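Notes to accompany the following structure.
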Amino acid sequence: MPLAQTPSDTPVLRRPRADRIQHFRPSVFTEIRELAERHGAIDLGQGAPGLDAPTALVDAAASAMAAGHNQYPPAAGLGELRSAIAESRLCSTGVRYEPDREVVVTAGATEAVAAALLSLCNPGDEVLTLDPCYDAYSAAASLAGARLVAVPLAMEGDRFVLDEAALRAAVTPRTQVLLLNTPHNPTGKVFTAAELAVLAQLCLDHGLTAVTDEVYEHLVYDGGKHHSLASLPGMRERTLTVSSAGKTFNVTGWKVGWACGPDWLVESVLSVKQFLTFASGTPFQAAVAGMLADVEAWAAQLRGTLQHHRDLLRTGLEQVGMRTYRGEGGYFLQADVRGAGYTDGDQFCRELPLRIGVAAIPSSAFRHGADNTGPDWLVRFAFCKSAEVLREAAARLAGLRKG
Ligand code: PMP
Ligand code: GLN
């Protein structure tokens with residue numbers, strides 16, 4: 001029988017923590033949500049829709065569960081969903097994918113992006129993206145041991161624009177991947193056809209692979225158009241296009257995402273994805289497969305609703321002197337807090353829940369540039385909420401006027 005160890009014999013627990021996650025903290029979404037809950041504030045921080053999913057989609061998921069579709073799907077996703085994704089991409093972008101080899105279903109777009117960077121980058125490689133950007137990009141790059149090189153978007157009037165010279169200057173021999181997001185979180189920018197042509201040329205000039213995150217592809221307002229990088233000449237063979245059902249159908253909790261691309265890229269993603277989650281959400285995959293055929297009819301009305309909600313929020317912000325940037329697509333408006341008497345968006349977001357019962361995210365949380373400089377006075381507000389909630393938020397924002 002082993003002798004009982006005395007406390008002094010017990011090795012000290014070393015509590016290891018990998019270097020590559022040393023900068024990981026609870027995400028800003030969690031932090032602001034907790035702050036909002038503590039103060040009973042309306043949470044316009046996280047981009048979590050306050051709008052209903054299509055009834056037919058919810059019913060289809062319930063039916064799939066009742067019919068016993070509750071076990072693992074194939075690692076690449078249900079065949080019917082892969083076919084529906086390929087069909088839908090052909091209709092919306094004119095790019096054709098072979099469902100068996102060129103489409104993979106993932107646990108949300110987040111897993112697709114992470115698996116892409118993990119499978120494409122070696123330690124020391126660089127991932128080129130635009131600043132500000134969605135926070136999961138820098139985390140995924142860190143996990144891959146890669147460096148995220150985030151090149152600031154320029155600001156012109158009420159728009160964010162691509163700075164071609166800065167982007168070209170940032171390419172090095174270590175650059176492997178261009179990681180693009182359009183429509184863009186957090187700025188609300190939709191990249192123009194001309195900007196995409198510049199990005200495509202950059203990839204062609206430097207032998208880069210592109211990963212494009214298009215989760216808001218159906219949510220472009222004011223008659224604007226979403227352009228997909230893979231549809232440009234020479235790009236299909238080097239582009240992994242990522243999207244997700246979450247934003248399109250107001251089901252962010254389902255985490256059904258996907259990636260389409262040439263077989264070498266999809267195989268690469270799948271080789272990692274199979275060891276991250278293997279597969280997920282069989283009944284949800286089945287339901288999304290059925291709904292994708294009608295995506296345009298659904299998306300047209302969702303766009304109309306969200307455009308109206310964007311305008312409600314914009315009016316609420318501008319009535320108190322906060323200038324907003326163009327929300328061309330997606331879920332978010334950028335507002336300038338200087339009009340409300342602040343210079344620092346971070347301080348504004350920490351005080352707002354307590355002061356007037358509204359929560360938002362400082363745009364600095366999306367900044368990943370090398371020198372971490374940028375407009376400190378920007379704050380991101382989500383408008384993917386019900387009209388009632390946005391009207392109440394606007395009424396509370398009016399309280400800022402009283403000082
Ligand atoms: N990409 C962008 C640009 C996002 O804003 C989000 C967050 N909603 C995601 C990816 C995550 O998508 P999913 O929930 O499908 O993982
Ligand atoms: N994409 C969502 C946003 O930008 C948040 C997703 C998350 O909480 N990680 O608000």
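Labels for the structure tokens follow display order: chains A, B, ..., residues from 1 in each chain, ligands from 1.
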
_6 Å shell around ligand 1 using only C-alpha atoms and all ligand atoms, listed as a list in words_ =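 Counting only C-alpha atoms and all ligand atoms, the residues within 6 Å of ligand 1 come out as Gly108, Ala109, Thr110, Tyr134, Asn181, Asn185, Asp213, Val215, Ser244, Gly246, Thr252, Lys255 and Gly257 of chain A.
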
Kindly export the residues of the current selection with N, CA, C and O atoms, as a PDB file, in the first residue's frame.
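See out03.pdb below for the written result:
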ATOM      1  N   GLY A 108     -20.486  26.662 -36.916  1.00  0.00           N
ATOM      2  CA  GLY A 108     -20.483  28.114 -37.114  1.00  0.00           C
ATOM      3  C   GLY A 108     -19.339  28.548 -38.016  1.00  0.00           C
ATOM      4  O   GLY A 108     -18.416  27.778 -38.312  1.00  0.00           O
ATOM      5  N   ALA A 109     -19.414  29.803 -38.431  1.00  0.00           N
ATOM      6  CA  ALA A 109     -18.325  30.375 -39.225  1.00  0.00           C
ATOM      7  C   ALA A 109     -17.049  30.426 -38.405  1.00  0.00           C
ATOM      8  O   ALA A 109     -15.940  30.332 -38.939  1.00  0.00           O
ATOM      9  N   THR A 110     -17.202  30.550 -37.097  1.00  0.00           N
ATOM     10  CA  THR A 110     -16.032  30.653 -36.211  1.00  0.00           C
ATOM     11  C   THR A 110     -15.124  29.438 -36.363  1.00  0.00           C
ATOM     12  O   THR A 110     -13.896  29.574 -36.468  1.00  0.00           O
ATOM     13  N   TYR A 134     -13.215  41.446 -36.566  1.00  0.00           N
ATOM     14  CA  TYR A 134     -13.892  40.557 -35.614  1.00  0.00           C
ATOM     15  C   TYR A 134     -12.848  39.904 -34.712  1.00  0.00           C
ATOM     16  O   TYR A 134     -11.815  39.430 -35.196  1.00  0.00           O
ATOM     17  N   ASN A 181     -13.492  40.184 -44.496  1.00  0.00           N
ATOM     18  CA  ASN A 181     -14.857  40.055 -43.981  1.00  0.00           C
ATOM     19  C   ASN A 181     -15.724  41.135 -44.647  1.00  0.00           C
ATOM     20  O   ASN A 181     -15.490  42.321 -44.469  1.00  0.00           O
ATOM     21  N   ASN A 185     -17.857  43.413 -39.941  1.00  0.00           N
ATOM     22  CA  ASN A 185     -18.034  43.619 -38.508  1.00  0.00           C
ATOM     23  C   ASN A 185     -16.695  44.136 -37.976  1.00  0.00           C
ATOM     24  O   ASN A 185     -15.683  43.466 -38.193  1.00  0.00           O
ATOM     25  N   ASP A 213     -14.917  35.847 -44.965  1.00  0.00           N
ATOM     26  CA  ASP A 213     -15.995  35.613 -43.999  1.00  0.00           C
ATOM     27  C   ASP A 213     -17.193  36.443 -44.470  1.00  0.00           C
ATOM     28  O   ASP A 213     -17.170  37.671 -44.403  1.00  0.00           O
ATOM     29  N   VAL A 215     -20.550  36.089 -43.425  1.00  0.00           N
ATOM     30  CA  VAL A 215     -21.727  35.693 -42.634  1.00  0.00           C
ATOM     31  C   VAL A 215     -22.902  36.667 -42.782  1.00  0.00           C
ATOM     32  O   VAL A 215     -24.041  36.291 -42.549  1.00  0.00           O
ATOM     33  N   SER A 244     -22.631  31.288 -42.794  1.00  0.00           N
ATOM     34  CA  SER A 244     -23.271  30.659 -41.644  1.00  0.00           C
ATOM     35  C   SER A 244     -24.772  30.913 -41.692  1.00  0.00           C
ATOM     36  O   SER A 244     -25.220  31.913 -42.256  1.00  0.00           O
ATOM     37  N   GLY A 246     -26.470  31.441 -39.002  1.00  0.00           N
ATOM     38  CA  GLY A 246     -26.801  32.221 -37.801  1.00  0.00           C
ATOM     39  C   GLY A 246     -27.427  33.566 -38.099  1.00  0.00           C
ATOM     40  O   GLY A 246     -28.507  33.893 -37.603  1.00  0.00           O
ATOM     41  N   THR A 252     -28.420  32.258 -34.293  1.00  0.00           N
ATOM     42  CA  THR A 252     -26.986  32.262 -33.962  1.00  0.00           C
ATOM     43  C   THR A 252     -26.627  31.140 -32.982  1.00  0.00           C
ATOM     44  O   THR A 252     -25.479  30.689 -32.971  1.00  0.00           O
ATOM     45  N   LYS A 255     -25.342  27.476 -34.538  1.00  0.00           N
ATOM     46  CA  LYS A 255     -23.939  27.267 -34.948  1.00  0.00           C
ATOM     47  C   LYS A 255     -23.813  26.317 -36.135  1.00  0.00           C
ATOM     48  O   LYS A 255     -23.074  25.329 -36.089  1.00  0.00           O
ATOM     49  N   GLY A 257     -22.442  26.533 -39.686  1.00  0.00           N
ATOM     50  CA  GLY A 257     -21.673  27.331 -40.629  1.00  0.00           C
ATOM     51  C   GLY A 257     -21.120  26.446 -41.725  1.00  0.00           C
ATOM     52  O   GLY A 257     -21.327  25.223 -41.713  1.00  0.00           O
TER      53      GLY A 257
END

*Show me which residues sit within 6 Å of ligand 2 when counting only C-alpha atoms and all ligand atoms, and put them as a ChimeraX atom specification.*
/A:29,46-47

*Point out the residue among A:Gly341, A:Gly330, A:Pro262, A:Pro183 with the least atom-to-atom distance to Leu196 in chain A, counting only C-alpha atoms.*
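Of the candidates, the smallest distance to Leu196 in chain A is held by A:Pro183.
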
_Shell of 8 Å around Ser268 in chain A, only C-alpha atoms, local chain residues under 2 positions omitted, as a VMD selection string_ = chain A and resid 116 119 to 120 264 to 266 270 to 272

_6 Å contact set for Leu378 in chain A, only C-alpha atoms, chain neighbours under 5 positions out, as a count of residues only_ = 4

Residues near Gly339 in chain A, anyone? I mean within 9 Å using only C-alpha atoms, not counting same-chain ones fewer than 4 positions away, as a PDB file with C-alpha atoms, in the first residue's frame.
ATOM      1  CA  GLU A 318     -27.930  61.308 -33.906  1.00  0.00           C
ATOM      2  CA  VAL A 320     -28.009  63.255 -29.025  1.00  0.00           C
ATOM      3  CA  GLY A 321     -25.272  64.498 -31.321  1.00  0.00           C
ATOM      4  CA  MET A 322     -23.500  61.207 -31.995  1.00  0.00           C
ATOM      5  CA  ARG A 323     -22.482  61.104 -35.617  1.00  0.00           C
ATOM      6  CA  THR A 343     -13.458  61.310 -25.927  1.00  0.00           C
TER       7      THR A 343
END

Residues of range 257-325 of chain A within 6 Å of range 229-242 of chain A: nearest atom pair and distance (Å, one decimal) for each, counting only C-alpha atoms, sorted by chain and number, as a Markdown table?
| residue | atom | partner | partner_atom | distance |
| --- | --- | --- | --- | --- |
| A:Trp258 | CA | A:Val242 | CA | 5.7 |
| A:Ala259 | CA | A:Val242 | CA | 4.4 |
| A:Cys260 | CA | A:Thr241 | CA | 5.2 |
| A:Gly261 | CA | A:Leu240 | CA | 4.6 |
| A:Pro262 | CA | A:Glu237 | CA | 5.5 |

*Would you mind listing what lies within 7 Å of Pro186 in chain A as a list in words, with only C-alpha atoms counted and same-chain residues fewer than 4 positions away left out?*
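What passes the distance filter is Pro132, Cys133, Tyr134, Phe332 and Arg380 of chain A.
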
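We find CA of Glu217 in chain A and CA of Phe249 in chain A to be spaced 11.8 Å apart.
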
*Work out how far apart CA of Val127 in chain A and CA of Asp100 in chain A are and give it in Å to one decimal.*
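For CA of Val127 in chain A relative to CA of Asp100 in chain A, the distance reads 28.1 Å.
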
Test item: residues at most 10 Å from Gly79 in chain A, only C-alpha atoms, excluding those fewer than 3 positions along its chain, as an mmCIF file with N, CA and C atoms, in the first residue's frame:
data_model
loop_
_atom_site.group_PDB
_atom_site.id
_atom_site.type_symbol
_atom_site.label_atom_id
_atom_site.label_comp_id
_atom_site.auth_asym_id
_atom_site.auth_seq_id
_atom_site.Cartn_x
_atom_site.Cartn_y
_atom_site.Cartn_z
ATOM 1 N N PRO A 73 -23.631 13.587 -37.660
ATOM 2 C CA PRO A 73 -23.666 13.609 -39.133
ATOM 3 C C PRO A 73 -22.263 13.261 -39.642
ATOM 4 N N PRO A 74 -22.077 13.087 -40.954
ATOM 5 C CA PRO A 74 -20.715 12.922 -41.462
ATOM 6 C C PRO A 74 -19.870 14.147 -41.072
ATOM 7 N N ALA A 76 -18.033 16.029 -42.715
ATOM 8 C CA ALA A 76 -18.149 17.145 -43.672
ATOM 9 C C ALA A 76 -19.545 17.757 -43.674
ATOM 10 N N ARG A 82 -24.914 20.085 -47.793
ATOM 11 C CA ARG A 82 -23.809 20.476 -48.686
ATOM 12 C C ARG A 82 -24.348 20.778 -50.089
ATOM 13 N N SER A 83 -25.314 19.966 -50.544
ATOM 14 C CA SER A 83 -25.905 20.237 -51.871
ATOM 15 C C SER A 83 -26.651 21.570 -51.866
ATOM 16 N N ALA A 84 -27.394 21.812 -50.784
ATOM 17 C CA ALA A 84 -28.167 23.066 -50.716
ATOM 18 C C ALA A 84 -27.225 24.276 -50.668
ATOM 19 N N ILE A 85 -26.093 24.136 -49.972
ATOM 20 C CA ILE A 85 -25.133 25.250 -49.894
ATOM 21 C C ILE A 85 -24.550 25.518 -51.295
ATOM 22 N N PRO A 99 -20.573 19.523 -54.242
ATOM 23 C CA PRO A 99 -20.948 19.353 -52.826
ATOM 24 C C PRO A 99 -20.105 18.325 -52.076
ATOM 25 N N ASP A 100 -19.628 17.278 -52.743
ATOM 26 C CA ASP A 100 -18.912 16.230 -52.005
ATOM 27 C C ASP A 100 -17.466 16.589 -51.669
ATOM 28 N N VAL A 103 -17.335 21.506 -50.308
ATOM 29 C CA VAL A 103 -18.158 22.155 -49.284
ATOM 30 C C VAL A 103 -17.954 21.395 -47.972
ATOM 31 N N VAL A 104 -17.755 22.124 -46.885
ATOM 32 C CA VAL A 104 -17.699 21.480 -45.571
ATOM 33 C C VAL A 104 -18.561 22.277 -44.602
ATOM 34 N N VAL A 105 -19.344 21.552 -43.805
ATOM 35 C CA VAL A 105 -20.192 22.196 -42.795
ATOM 36 C C VAL A 105 -19.384 22.268 -41.499
ATOM 37 N N GLN A 285 -28.725 21.056 -39.022
ATOM 38 C CA GLN A 285 -28.217 20.970 -40.401
ATOM 39 C C GLN A 285 -29.354 20.582 -41.342
ATOM 40 N N ALA A 286 -30.156 19.599 -40.915
ATOM 41 C CA ALA A 286 -31.263 19.129 -41.773
ATOM 42 C C ALA A 286 -32.236 20.275 -42.034
ATOM 43 N N ALA A 289 -30.804 22.895 -44.409
ATOM 44 C CA ALA A 289 -30.781 22.378 -45.787
ATOM 45 C C ALA A 289 -32.106 22.670 -46.482
#

*Quick one: DSSP helix (DSSP H, G or I) residues in range 109-355 of chain A, as an NGL selection string?*
:A and (109-120 or 136-143 or 164-170 or 193-206 or 229-231 or 236-238 or 245-248 or 263-276 or 282-292 or 295-318 or 337-340 or 345-355)

*Residue among A:Ala193, A:Leu317, A:Ala61, A:Ala56 lying closest to Ala382 in chain A, counting only C-alpha atoms*: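 Using only C-alpha atoms, the shortest distance to Ala382 in chain A belongs to A:Leu317.
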
*Pick from A:Ala165, A:Ala200, A:Ala36, A:Pro54 nearest to Asp294 in chain A, counting only C-alpha atoms*: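 Among the listed residues, A:Pro54 lies closest to Asp294 in chain A.
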
_A:Val28, A:Ala170, A:Ala387, A:Leu219 ranked by distance to Ala299 in chain A, top pick (using only C-alpha atoms)_ =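 Going through A:Val28, A:Ala170, A:Ala387, A:Leu219 one by one, the smallest distance to Ala299 in chain A is for A:Leu219.
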